[in-house]
Amino acid sequence: MEPVSLDVTVDMDLQIWIIGTIALVLKLGAVLLFLLLMAAYLVLVERKLLGRIQVRYGPNRAGKYGLLQPFADTIKMMTKEDIVPDAADRVIFLLAPAVVAITALLMFAVIPFGPDITVYGHRVPLVVTDINVGLLFVFALSSLGVYGAALGGWSSNSKYSLLGGIRGAAQMVSYELALGLSLIPVVMEAGSFSLVDIVNAQTQLPYILLEPVAFAIFFISALAEIKRIPFDLPEAENELGAGFHTEYSGMRFGLFFLGEYVHMQVLGGLIAVFFLGGWHGPLLPGPVWLAVKIVLVCLVMIWIRGTLPRLRYDQLMNFGWKVLIPAALLNVVVTGARLLW
Amino acid sequence: MRVDLIDKVPSGAIGTLWEGTKAIAAGFATTLKHVFRPPITEEYPEFRRVLPARTRARIVLTRDPDGGERCVACYLCSGVCPVSCISMQSAERTDGRRFAAWFRINFARCIYCGLCEEACPTSAIQLSPMFETCERDILTLVYEKEDLLVDHGGKDPDYNFYRHAGVVTAIGGKGGHIDEDPPVNVRSNMP
Amino acid sequence: MNLFNILFYSIALLIVVSTGLAVTRRNLVHAVIYLIMSFFGSAFVFYLFGAPFLAALMVIVYAGAIMILFLFIIMMLRVETPEEQLFPARQMWPAVAVAAGYLVVGALLAAHDPAAGAVLGPAQTEPAVFGAYVFRNTWLAVEVTSLLLLVALIGALFIGKRPTHESEE
């Protein structure tokens with residue numbers, strides 16, 4: 001078979017379509033691989049770092065320095081029995097972990113990880129999809145992620161799970177408000193909902209310097225959104241067993257876990273995009289800078305987990321509704337006034 | 001009633017905010033400091049700490065200084081065992097010493113409470129610091145007398161029950177034991 | 001029939017089926033989930049029409065915020081016995097009547113509007129244009145709505161506050 005020259009035999013539209021599809025598949029593959037591998041190693045890093053904070057080594061048996069620990073954990077969870085309680089609502093019980101993992105993974109679709117690159121004369125943007133309502137897409141998915149926890153807790157038909165699920169729903173709905181309101185100043189500065197535009201607006205100055213209050217509110221709400229210490233009331237181990245995933249075992253529990261760590265990275269990515277200038281940075285290429293920023297944010301989250309105790313439920317609600325939301329609203333007004341004059 | 005643990009209560013919102021921020025920052029500084037401290041963990045298989053002699057782990061059957069079995073198969077340990085993991089069959093030798101024909105401890109059941117050791121009148125059954133008894137097959141945790149017997153006296157190496165007891169054996173006859181008076185003739189023991 | 005049509009009709013079918021299931025399910029949580037699926041379908045239709053802004057709002061407001069509150073209340077309710085879960089006919093008929101009336105009015109409106117066949121024009125705009133339009137042309141309605149929400153907020157605060165005051169006294 002003689003080699004076919006693309007420029008001669010295939011018309012232009014089809015060529016663009018083929019290159020676009022190949023680029024999309026490659027981007028999807030790279031992002032998925034990065035997220036999943038990072039999630040696995042984030043667990044290891046978290047355990048190691050928590051260990052060092054508590055003056056002990058973390059896992060160090062599987063492989064050199066415990067580097068094979070993520071694989072050992074995965075194999076363990078895959079081979080464990082997948083238990084579904086008799087009284088559980090079977091379909092919802094089986095679906096809930098998938099909802100958590102999928103919403104977390106999908107959120108990364110709108111995060112740009114580099115400048116446009118040129119392949120065979122075609123511009124390929126380094127983002128899975130750039131939609132002009134990217135920020136709203138993120139919020140839509142994050143509000144759907146609540147269902148994973150709430151329905152997982154409800155369908156287990158166990159009192160601890162139900163309490164965890166209800167707490168999770170209330171907490172995430174409350175903090176989503178502060179999360180959304182804290183980003184309005186950023187949108188006002190950039191003048192766009194698209195994450196690509198927001199990153200491009202920070203070429204000179206990252207928004208953390210321009211909007212420190214918004215950054216603080218977003219970071220705190222993000223911690224509540226991914227149910228991490230000091231906001232881990234939905235899974236409060238010492239009062240609720242394990243909260244909404246008490247009844248889960250094997251790889252379904254693994255999916256909850258995976259979703260949590262992917263979500264952590266996604267929020268790291270979002271913080272990087274909204275406040276730390278996204279992939280912009282000197283010397284290193286864009287994707288590397290984004291990865292560095294994500295890891296940095298995740299390390300700070302682990303540090304917080306190693307330091308702060310869990311909040312009480314009334315403190316959580318008071319803080320969210322009486323401090324964060326008014327502060328975010330005030331920040332919107334202040335930013336508006338600053339932009340106007 | 002409210003108890004304030006802070007000796008100097010900060011005044012006003014600014015004071016509270018300042019105190020709170022300071023406290024949280026101190027916490028973060030402490031954890032950060034600990035990250036760069038060498039861990040104090042003793043890593044187990046490489047470093048085996050010498051455990052105290054009275055650590056309660058695997059049960060052994062000890063021998064007296066002469067090398068004879070201490071156990072007299074009195075069933076006290078078996079009776080006191082809360083999980084009933086000790087079983088035996090008593091027998092008697094021709095010289096009058098009692099012994100266990102077979103003696104069995106099911107370590108899959110044993111909770112290492114040490115009650116058997118307390119109940120034992122001859123210091124035969126003792127808990128040793130040896131704790132590495134994990135097995136994949138649970139039935140291999142059933143120890144027979146041969147597995148339990150050791151060739152030393154455990155925590156009380158010099159003790160020999162038959163030197164003290166008023167039982168006639170090869171070691172001593174009536175009145176020949178330590179702290180024992182010769183038998184009294186009841187007919188001469190008149191007031 | 002092109003790809004667009006196939007997508008549209010399959011999503012329309014999904015909306016109709018899931019809405020029907022949402023109405024007829026006896027298990028309230030299942031009903032809520034089917035309703036969420038129905039909202040999802042609507043969001044997809046908006047996206048298909050080239051209005052991603054409306055699609056995102058649909059998911060955030062309806063599927064994300066309102067339905068989670070429904071779910072929240074339902075999860076805390078007592079589990080009903082099978083007899084209680086049955087819908088009596090006298091509850092069914094008013095709902096059917098309202099739905100039929102809505103259907104008739106909607107169909108008549110669509111039939112008489114010459115632009116009904118066209119794709120929603122105003123919805124396809126950029127979020128910024130949409131926002132500017134809403135706040136420039138309908139600012140009064142926006143302010144009245146926000147005032148209404150403020151009143152509702154203060155009312156909720158008042159209702160929530162009163163019992164604790166009495167118990168303290």
# chains A, B, ... in the order shown; residues from 1 in each chain; ligands from 1
>>> interface_residues(of="chain A", to="chain C", cutoff="9 Å", atoms="only C-alpha atoms", output="PyMOL selection string")
chain A and resi 92+131-133+136-137+139-147+150-151+154+162+166+169-170+173+191-193
>>> residues_around(residues="Thr31 of chain B", least_positions_apart="6", cutoff="8 Å", atoms="only C-alpha atoms", output="ChimeraX atom specification")
/A:53-54,303,306-307
>>> select_by_dssp(residues="chain B", states="strand (DSSP E or B)", output="PyMOL selection string")
chain B and resi 59-61+63+69+86-92+98-106+125-127+142-143+149
>>> closest_atom_pairs(of="chain B", to="chain A", cutoff="6 Å", atoms="only C-alpha atoms", output="tab-separated table")
residue	atom	partner	partner_atom	distance
B:Phe28	CA	A:Thr307	CA	5.9
B:Thr31	CA	A:Ile53	CA	5.4
B:His34	CA	A:Ile53	CA	5.1
B:Val35	CA	A:Ile53	CA	4.8
B:Pro39	CA	A:Val55	CA	4.4
B:Thr41	CA	A:Arg56	CA	5.3
>>> write_last_selection(atoms="C-alpha atoms", output="PDB file, in the first residue's frame")
ATOM      1  CA  PHE B  28       1.383  25.339  62.077  1.00  0.00           C
ATOM      2  CA  THR B  31       3.913  20.766  62.829  1.00  0.00           C
ATOM      3  CA  HIS B  34       8.281  18.265  63.406  1.00  0.00           C
ATOM      4  CA  VAL B  35       8.521  17.470  59.685  1.00  0.00           C
ATOM      5  CA  PRO B  39      11.336  10.155  63.566  1.00  0.00           C
ATOM      6  CA  THR B  41      10.109   5.122  65.420  1.00  0.00           C
TER       7      THR B  41
END
>>> select_by_dssp(residues="segment 3-136 of chain B", states="alpha helix (DSSP H)", output="ChimeraX atom specification")
/B:12-35,76-80,115-119
>>> atom_distance(atom1="atom CA of Lys27 of chain A", atom2="atom CA of Thr103 of chain A")
18.1 Å
